[in-house]
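Student: This is the structure I want to talk about, given as structure tokens.
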Amino acid sequence: MHASLAATFLDWLAAWGRILHFAGYALAAALSPSTYVAATRAVAMRQIYFTAWQILLPFTLFTALFSLVVIEITLAAARAFDLTQYALELILRVLVLELIPLLTALFVALRSGAAIATEVALMRHSGELEAVEAAGTDLLRHELVPRVVAAALSVISLTVLNCALALGLAYVATYGFSPWGFAEFTRVVGKVFGAPILAGFALRAALFGAAVAVIPIAAG
């Protein structure tokens, strides 16, 4: 029993070790200008099309509906407890900074993560990966790293786009279509989105995007 548990734990450590090793290599390759030749750019653009462009409209509509529900619930609760002055800040901190980045990463992972892992597994099963290596091409740099970069960019782009949409919806739900709330709205936005918060937001979005691609590719 103990031996079985120890073997399972060692296998788990080995699997995560491979994932972290690949993640480190992918980061180094992504920062190297020599990675971005015509072939890798084509792979990355194709991955962005499948990962972000194809789901842009349905995911944006879903995020808009989800944001409206969260905004209305927050505003109603704030009015009930006479905390209306804090409602907008709460919406920005919870919805824009936390929920939408996590929701985007989960949505892309569920839709594209399995597809990426399946594609890599099929390439391996069909011998395509071995053929690429036999031709003297760096497999990781020219086939796998572009997919990681593209998936990370897709998650970041969708996150930024839908966070901007949520900001607009929060303004309309709070002040209507009147321009008179713009001064207070920008003050609250400036208070919430300070430089450290924005840096953490960007880092979290990048890490979510990398995880969405690195884990399925390493598994595949």
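Numbering starts fresh at 1 for the residues of each chain in the structure tokens, the chains themselves are lettered A, B, ... in the order given, and ligands are numbered from 1 as they appear.
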Leaving out Leu57 in chain A and any residue of its chain fewer than 6 positions from it, which residues lie within 12 Å of it when counting only C-alpha atoms, given as a PyMOL selection string?
Tutor: chain A and resi 63-64+158+161-162
Student: Considering only C-alpha atoms, return as a list in words whatever protein or nucleic-acid residues lie within 12 Å of Leu56 in chain A, sequence-local ones (same chain, fewer than 3 positions apart) excluded.
Tutor: Ile48, Tyr49, Phe50, Thr51, Ala52, Trp53, Phe59, Thr60, Leu61, Phe62, Thr63, Ala64, Thr104, Phe107, Val108, Ser154, Val155, Ser157, Leu158, Thr159, Leu161 and Asn162 of chain A
Student: Tell me which protein, DNA and RNA residues are within 12 Å of range 69-83 of chain A, counting only C-alpha atoms, leaving out same-chain ones fewer than 2 positions away, and put them as a ChimeraX atom specification.
Tutor: /A:62-67,85-96,99-100,166-175
Student: Would you write out those residues with C-alpha atoms, as a compact mmCIF listing (two decimals), in the first residue's frame?
Tutor:
# COMPACT_ATOMS: atom_id res chain seq x y z
CA PHE A 62 -21.66 35.15 -22.48
CA THR A 63 -19.34 37.48 -20.55
CA ALA A 64 -21.68 40.42 -21.10
CA LEU A 65 -24.63 38.45 -19.72
CA PHE A 66 -22.59 37.15 -16.80
CA SER A 67 -21.28 40.65 -16.03
CA GLN A 85 -21.06 54.37 -2.57
CA TYR A 86 -18.97 51.19 -2.41
CA ALA A 87 -20.86 49.21 -5.07
CA LEU A 88 -18.84 50.33 -8.10
CA GLU A 89 -15.49 49.69 -6.43
CA LEU A 90 -16.67 46.24 -5.36
CA ILE A 91 -17.80 45.46 -8.91
CA LEU A 92 -14.44 46.48 -10.35
CA ARG A 93 -12.41 44.55 -7.80
CA VAL A 94 -14.44 41.35 -7.91
CA LEU A 95 -15.74 41.19 -11.46
CA VAL A 96 -13.00 42.84 -13.50
CA LEU A 99 -13.85 36.75 -12.04
CA ILE A 100 -13.35 37.64 -15.70
CA ALA A 166 -17.45 44.85 -18.11
CA LEU A 167 -16.21 48.37 -17.30
CA GLY A 168 -18.62 49.82 -19.85
CA LEU A 169 -21.51 47.75 -18.54
CA ALA A 170 -20.69 48.77 -14.96
CA TYR A 171 -20.86 52.44 -15.95
CA VAL A 172 -24.18 52.05 -17.76
CA ALA A 173 -25.71 50.02 -14.93
CA THR A 174 -24.57 52.56 -12.33
CA TYR A 175 -25.08 55.91 -14.10
Student: CA of Ala23 in chain A to CA of Ile217 in chain A: how many Å, to one decimal?
Tutor: 10.0 Å
Student: I'd like the contact shell of Phe22 in chain A - 8 Å cut-off, only C-alpha atoms, skipping same-chain residues fewer than 4 positions apart - returned as a ChimeraX atom specification.
Tutor: /A:18,26,214,218
Student: Emit the selected residues as a short mmCIF file (atom, residue, chain, number, x, y, z; two decimals), in the first residue's frame, including N, CA, C and O atoms.
Tutor:
data_model
loop_
_atom_site.label_atom_id
_atom_site.label_comp_id
_atom_site.auth_asym_id
_atom_site.auth_seq_id
_atom_site.Cartn_x
_atom_site.Cartn_y
_atom_site.Cartn_z
N ARG A 18 8.17 17.47 -15.62
CA ARG A 18 8.20 17.62 -17.08
C ARG A 18 7.46 18.88 -17.52
O ARG A 18 7.91 19.58 -18.42
N ALA A 26 9.80 26.84 -22.86
CA ALA A 26 8.89 27.64 -23.67
C ALA A 26 9.08 29.13 -23.39
O ALA A 26 9.05 29.95 -24.31
N VAL A 214 0.50 25.25 -21.69
CA VAL A 214 1.63 24.39 -21.30
C VAL A 214 1.16 23.04 -20.79
O VAL A 214 1.71 22.00 -21.18
N ALA A 218 2.15 19.60 -22.66
CA ALA A 218 3.03 18.67 -21.95
C ALA A 218 2.36 17.31 -21.79
O ALA A 218 3.01 16.27 -21.92
#
Student: Leaving out Ala117 in chain A and any residue of its chain fewer than 3 positions from it, which residues lie within 9 Å of it when counting only C-alpha atoms, given as a ChimeraX atom specification?
Tutor: /A:112-114,120-122,213,215-220
